[in-house]
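Next comes protein_10.pdb, a file with PDB, N, CA and C atoms.
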ATOM      1  N   MET A  20     -14.040  -3.965   9.111
ATOM      2  CA  MET A  20     -13.329  -4.142   7.872
ATOM      3  C   MET A  20     -12.359  -2.984   7.631
ATOM      4  N   VAL A  21     -12.723  -1.801   8.048
ATOM      5  CA  VAL A  21     -11.870  -0.631   7.825
ATOM      6  C   VAL A  21     -10.536  -0.748   8.555
ATOM      7  N   PRO A  22     -10.469  -1.260   9.790
ATOM      8  CA  PRO A  22      -9.146  -1.383  10.432
ATOM      9  C   PRO A  22      -8.179  -2.251   9.630
ATOM     10  N   MET A  23      -8.696  -3.244   8.913
ATOM     11  CA  MET A  23      -7.828  -4.081   8.085
ATOM     12  C   MET A  23      -7.150  -3.232   7.013
ATOM     13  N   PHE A  24      -7.901  -2.338   6.387
ATOM     14  CA  PHE A  24      -7.327  -1.473   5.360
ATOM     15  C   PHE A  24      -6.369  -0.456   5.967
ATOM     16  N   GLU A  25      -6.656   0.013   7.161
ATOM     17  CA  GLU A  25      -5.748   0.953   7.818
ATOM     18  C   GLU A  25      -4.411   0.297   8.126
ATOM     19  N   VAL A  26      -4.445  -0.921   8.598
ATOM     20  CA  VAL A  26      -3.212  -1.645   8.923
ATOM     21  C   VAL A  26      -2.409  -1.913   7.650
ATOM     22  N   THR A  27      -3.074  -2.390   6.604
ATOM     23  CA  THR A  27      -2.338  -2.683   5.375
ATOM     24  C   THR A  27      -1.814  -1.401   4.717
ATOM     25  N   ALA A  28      -2.566  -0.317   4.796
ATOM     26  CA  ALA A  28      -2.065   0.960   4.262
ATOM     27  C   ALA A  28      -0.841   1.413   5.047
ATOM     28  N   GLY A  29      -0.852   1.213   6.353
ATOM     29  CA  GLY A  29       0.317   1.544   7.168
ATOM     30  C   GLY A  29       1.528   0.718   6.783
ATOM     31  N   ILE A  30       1.311  -0.555   6.514
ATOM     32  CA  ILE A  30       2.414  -1.427   6.100
ATOM     33  C   ILE A  30       2.975  -0.986   4.757
ATOM     34  N   VAL A  31       2.091  -0.612   3.835
ATOM     35  CA  VAL A  31       2.542  -0.147   2.521
ATOM     36  C   VAL A  31       3.361   1.137   2.662
ATOM     37  N   ILE A  32       2.920   2.044   3.514
ATOM     38  CA  ILE A  32       3.650   3.298   3.716
ATOM     39  C   ILE A  32       5.017   3.030   4.336
ATOM     40  N   ILE A  33       5.069   2.135   5.295
ATOM     41  CA  ILE A  33       6.350   1.782   5.914
ATOM     42  C   ILE A  33       7.286   1.150   4.883
ATOM     43  N   TYR A  34       6.759   0.282   4.036
ATOM     44  CA  TYR A  34       7.566  -0.348   2.993
ATOM     45  C   TYR A  34       8.117   0.707   2.034
ATOM     46  N   PHE A  35       7.277   1.687   1.684
ATOM     47  CA  PHE A  35       7.732   2.773   0.816
ATOM     48  C   PHE A  35       8.840   3.576   1.495
ATOM     49  N   LEU A  36       8.673   3.877   2.761
ATOM     50  CA  LEU A  36       9.683   4.653   3.476
ATOM     51  C   LEU A  36      11.000   3.891   3.610
ATOM     52  N   ILE A  37      10.925   2.582   3.776
ATOM     53  CA  ILE A  37      12.143   1.770   3.816
ATOM     54  C   ILE A  37      12.850   1.841   2.463
ATOM     55  N   GLY A  38      12.083   1.750   1.378
ATOM     56  CA  GLY A  38      12.673   1.884   0.047
ATOM     57  C   GLY A  38      13.306   3.249  -0.152
ATOM     58  N   ALA A  39      12.655   4.301   0.352
ATOM     59  CA  ALA A  39      13.211   5.653   0.243
ATOM     60  C   ALA A  39      14.501   5.766   1.052
ATOM     61  N   PHE A  40      14.531   5.144   2.224
ATOM     62  CA  PHE A  40      15.748   5.149   3.037
ATOM     63  C   PHE A  40      16.890   4.450   2.306
ATOM     64  N   PHE A  41      16.603   3.297   1.707
ATOM     65  CA  PHE A  41      17.628   2.584   0.951
ATOM     66  C   PHE A  41      18.090   3.404  -0.251
ATOM     67  N   TYR A  42      17.173   4.163  -0.846
ATOM     68  CA  TYR A  42      17.533   5.025  -1.976
ATOM     69  C   TYR A  42      18.517   6.100  -1.531
ATOM     70  N   LEU A  43      18.247   6.694  -0.387
ATOM     71  CA  LEU A  43      19.143   7.725   0.122
ATOM     72  C   LEU A  43      20.488   7.141   0.558
ATOM     73  N   LYS A  44      20.448   5.920   1.066
ATOM     74  CA  LYS A  44      21.643   5.266   1.569
ATOM     75  C   LYS A  44      22.507   4.660   0.450
ATOM     76  N   ALA A  45      21.970   4.569  -0.748
ATOM     77  CA  ALA A  45      22.657   3.877  -1.843
ATOM     78  C   ALA A  45      23.986   4.535  -2.204
ATOM     79  N   GLY A  46      24.098   5.808  -2.055
ATOM     80  CA  GLY A  46      25.362   6.483  -2.315
ATOM     81  C   GLY A  46      25.809   6.448  -3.761
ATOM     82  N   GLY A  47      24.883   6.427  -4.686
ATOM     83  CA  GLY A  47      25.253   6.467  -6.095
ATOM     84  C   GLY A  47      25.480   5.115  -6.745
ATOM     85  N   GLU A  48      25.398   4.024  -5.985
ATOM     86  CA  GLU A  48      25.556   2.691  -6.566
ATOM     87  C   GLU A  48      24.298   2.342  -7.356
ATOM     88  N   LYS A  49      24.474   2.118  -8.645
ATOM     89  CA  LYS A  49      23.324   1.921  -9.524
ATOM     90  C   LYS A  49      22.484   0.704  -9.149
ATOM     91  N   GLU A  50      23.127  -0.364  -8.726
ATOM     92  CA  GLU A  50      22.391  -1.574  -8.359
ATOM     93  C   GLU A  50      21.533  -1.342  -7.111
ATOM     94  N   GLU A  51      22.072  -0.653  -6.134
ATOM     95  CA  GLU A  51      21.327  -0.353  -4.905
ATOM     96  C   GLU A  51      20.180   0.616  -5.182
ATOM     97  N   ILE A  52      20.436   1.594  -6.058
ATOM     98  CA  ILE A  52      19.382   2.544  -6.425
ATOM     99  C   ILE A  52      18.246   1.814  -7.131
ATOM    100  N   ALA A  53      18.577   0.878  -8.001
ATOM    101  CA  ALA A  53      17.560   0.117  -8.723
ATOM    102  C   ALA A  53      16.716  -0.712  -7.757
ATOM    103  N   LYS A  54      17.353  -1.331  -6.771
ATOM    104  CA  LYS A  54      16.612  -2.115  -5.776
ATOM    105  C   LYS A  54      15.679  -1.227  -4.957
ATOM    106  N   ALA A  55      16.168  -0.051  -4.587
ATOM    107  CA  ALA A  55      15.347   0.866  -3.794
ATOM    108  C   ALA A  55      14.161   1.373  -4.612
ATOM    109  N   ARG A  56      14.398   1.716  -5.873
ATOM    110  CA  ARG A  56      13.293   2.163  -6.733
ATOM    111  C   ARG A  56      12.268   1.058  -6.924
ATOM    112  N   GLU A  57      12.752  -0.169  -7.033
ATOM    113  CA  GLU A  57      11.842  -1.302  -7.183
ATOM    114  C   GLU A  57      10.966  -1.452  -5.940
ATOM    115  N   MET A  58      11.560  -1.278  -4.762
ATOM    116  CA  MET A  58      10.772  -1.340  -3.525
ATOM    117  C   MET A  58       9.700  -0.249  -3.493
ATOM    118  N   MET A  59      10.092   0.963  -3.885
ATOM    119  CA  MET A  59       9.132   2.064  -3.879
ATOM    120  C   MET A  59       8.037   1.848  -4.925
ATOM    121  N   ASN A  60       8.406   1.324  -6.089
ATOM    122  CA  ASN A  60       7.398   1.017  -7.109
ATOM    123  C   ASN A  60       6.426  -0.049  -6.622
ATOM    124  N   HIS A  61       6.950  -1.074  -5.964
ATOM    125  CA  HIS A  61       6.078  -2.120  -5.429
ATOM    126  C   HIS A  61       5.126  -1.555  -4.378
ATOM    127  N   ALA A  62       5.615  -0.642  -3.569
ATOM    128  CA  ALA A  62       4.761  -0.032  -2.558
ATOM    129  C   ALA A  62       3.641   0.781  -3.210
ATOM    130  N   ILE A  63       3.962   1.519  -4.260
ATOM    131  CA  ILE A  63       2.945   2.310  -4.953
ATOM    132  C   ILE A  63       1.916   1.403  -5.613
ATOM    133  N   ILE A  64       2.376   0.355  -6.261
ATOM    134  CA  ILE A  64       1.452  -0.595  -6.887
ATOM    135  C   ILE A  64       0.589  -1.270  -5.832
ATOM    136  N   GLY A  65       1.187  -1.647  -4.714
ATOM    137  CA  GLY A  65       0.422  -2.256  -3.628
ATOM    138  C   GLY A  65      -0.631  -1.311  -3.086
ATOM    139  N   PHE A  66      -0.300  -0.031  -2.970
ATOM    140  CA  PHE A  66      -1.259   0.949  -2.489
ATOM    141  C   PHE A  66      -2.416   1.107  -3.476
ATOM    142  N   LEU A  67      -2.110   1.120  -4.772
ATOM    143  CA  LEU A  67      -3.169   1.216  -5.780
ATOM    144  C   LEU A  67      -4.087  -0.006  -5.737
ATOM    145  N   ILE A  68      -3.504  -1.186  -5.592
ATOM    146  CA  ILE A  68      -4.307  -2.412  -5.483
ATOM    147  C   ILE A  68      -5.176  -2.359  -4.234
ATOM    148  N   LEU A  69      -4.611  -1.873  -3.146
ATOM    149  CA  LEU A  69      -5.360  -1.750  -1.900
ATOM    150  C   LEU A  69      -6.549  -0.815  -2.066
ATOM    151  N   MET A  70      -6.356   0.316  -2.733
ATOM    152  CA  MET A  70      -7.444   1.271  -2.931
ATOM    153  C   MET A  70      -8.530   0.695  -3.836
ATOM    154  N   VAL A  71      -8.129  -0.002  -4.897
ATOM    155  CA  VAL A  71      -9.115  -0.618  -5.785
ATOM    156  C   VAL A  71      -9.917  -1.663  -5.025
ATOM    157  N   ALA A  72      -9.250  -2.463  -4.223
ATOM    158  CA  ALA A  72      -9.953  -3.475  -3.428
ATOM    159  C   ALA A  72     -10.912  -2.825  -2.445
ATOM    160  N   PHE A  73     -10.485  -1.747  -1.815
ATOM    161  CA  PHE A  73     -11.346  -1.044  -0.861
ATOM    162  C   PHE A  73     -12.597  -0.524  -1.551
ATOM    163  N   PHE A  74     -12.434   0.130  -2.712
ATOM    164  CA  PHE A  74     -13.594   0.673  -3.413
ATOM    165  C   PHE A  74     -14.495  -0.427  -3.965
ATOM    166  N   MET A  75     -13.920  -1.536  -4.398
ATOM    167  CA  MET A  75     -14.745  -2.646  -4.886
ATOM    168  C   MET A  75     -15.573  -3.241  -3.751
ATOM    169  N   ILE A  76     -14.951  -3.468  -2.613
ATOM    170  CA  ILE A  76     -15.685  -4.034  -1.480
ATOM    171  C   ILE A  76     -16.746  -3.062  -1.000
ATOM    172  N   ASP A  77     -16.426  -1.774  -0.965
ATOM    173  CA  ASP A  77     -17.399  -0.771  -0.562
ATOM    174  C   ASP A  77     -18.579  -0.737  -1.532
ATOM    175  N   TYR A  78     -18.294  -0.805  -2.823
ATOM    176  CA  TYR A  78     -19.358  -0.803  -3.829
ATOM    177  C   TYR A  78     -20.248  -2.036  -3.691
ATOM    178  N   ILE A  79     -19.645  -3.200  -3.519
ATOM    179  CA  ILE A  79     -20.412  -4.436  -3.385
ATOM    180  C   ILE A  79     -21.281  -4.394  -2.130
ATOM    181  N   MET A  80     -20.719  -3.888  -1.039
ATOM    182  CA  MET A  80     -21.497  -3.818   0.196
ATOM    183  C   MET A  80     -22.682  -2.865   0.047
ATOM    184  N   LYS A  81     -22.493  -1.759  -0.652
ATOM    185  CA  LYS A  81     -23.599  -0.822  -0.869
ATOM    186  C   LYS A  81     -24.599  -1.370  -1.870
ATOM    187  N   ALA A  82     -24.132  -2.080  -2.895
ATOM    188  CA  ALA A  82     -25.027  -2.618  -3.917
ATOM    189  C   ALA A  82     -25.954  -3.684  -3.347
ATOM    190  N   PHE A  83     -25.444  -4.504  -2.435
ATOM    191  CA  PHE A  83     -26.248  -5.561  -1.842
ATOM    192  C   PHE A  83     -26.786  -5.193  -0.462
ATOM    193  N   ASP A  84     -26.624  -3.940  -0.090
ATOM    194  CA  ASP A  84     -27.112  -3.418   1.190
ATOM    195  C   ASP A  84     -26.630  -4.268   2.362
ATOM    196  N   ILE A  85     -25.342  -4.527   2.386
ATOM    197  CA  ILE A  85     -24.711  -5.288   3.465
ATOM    198  C   ILE A  85     -24.102  -4.305   4.449
ATOM    199  N   ASP A  86     -24.336  -4.558   5.730
ATOM    200  CA  ASP A  86     -23.789  -3.683   6.751
ATOM    201  C   ASP A  86     -22.997  -4.529   7.752
ATOM    202  N   PHE A  87     -21.674  -4.391   7.736
ATOM    203  CA  PHE A  87     -20.826  -5.110   8.657
ATOM    204  C   PHE A  87     -20.462  -4.262   9.861
ATOM    205  N   SER A  88     -21.180  -3.176  10.050
ATOM    206  CA  SER A  88     -20.875  -2.267  11.135
ATOM    207  C   SER A  88     -21.154  -2.928  12.482
ATOM    208  N   ILE A  89     -20.209  -2.801  13.386
ATOM    209  CA  ILE A  89     -20.370  -3.375  14.726
ATOM    210  C   ILE A  89     -21.127  -2.408  15.611
ATOM    211  N   PHE A  90     -21.009  -1.124  15.339
ATOM    212  CA  PHE A  90     -21.605  -0.119  16.209
ATOM    213  C   PHE A  90     -23.011   0.219  15.805
TER
END

Can the structure from this file be put into structure tokens for me?
Amino acid sequence: MVPMFEVTAGIVIIYFLIGAFFYLKAGGEKEEIAKAREMMNHAIIGFLILMVAFFMIDYIMKAFDIDFSIF
């Protein structure tokens, strides 16, 4: 289950970096800056949702003594 969160966290970080690149590339155009900020905000919100989901699943697995460990 942990590799799934690692992959999605990587995707969120890449999405944030793309938004940051667009922000730097905007060159002062307000519309482009707004789009880039929106991308970065979405990435931050996605990361927060991902962390909440991770902690909820971890809590549920510990509460019901579920072990999905392969090793």

Enclose all atoms of region 30-44 of chain A listed in the file in an axis-aligned box, grow every side by 6 Å, and hand back centre and edge lengths in Å to one decimal, as AutoDock Vina command-line options.
--center_x 11.9 --center_y 3.1 --center_z 2.3 --size_x 33.2 --size_y 21.2 --size_z 20.5

ask   = So how many Å separate CA of Gly65 (chain A) and CA of Val31 (chain A), to one decimal?
value =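 So the two atoms, CA of Gly65 (chain A) and CA of Val31 (chain A), lie 6.8 Å apart.
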
message = Running the PyMOL selection byres (((chain A and resi 69 and name CA) around 12) and name CA) on this model by hand, what would come out? Give it as a VMD selection string.
response = chain A and resid 21 23 to 32 61 to 68 70 to 76

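Coordinates place atom C of Pro22 (chain A) at a distance of 23.7 Å from atom N of Ala39 (chain A).
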
key: Coordinates-based distance that separates atom N of Asn60 (chain A) from atom N of Gly38 (chain A) (Å, one decimal)   =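 Straight-line distance from atom N of Gly38 (chain A) to atom N of Asn60 (chain A) works out to 8.3 Å.
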
inquiry  = Would you pick out the contacts of Tyr42 (chain A) at 9 Å or less, using only C-alpha atoms, so that residues sharing its chain but fewer than 6 positions from it are not included, and give the list as a list in words?
reply    = Glu51, Ile52, Ala53, Lys54, Ala55 and Arg56 of chain A
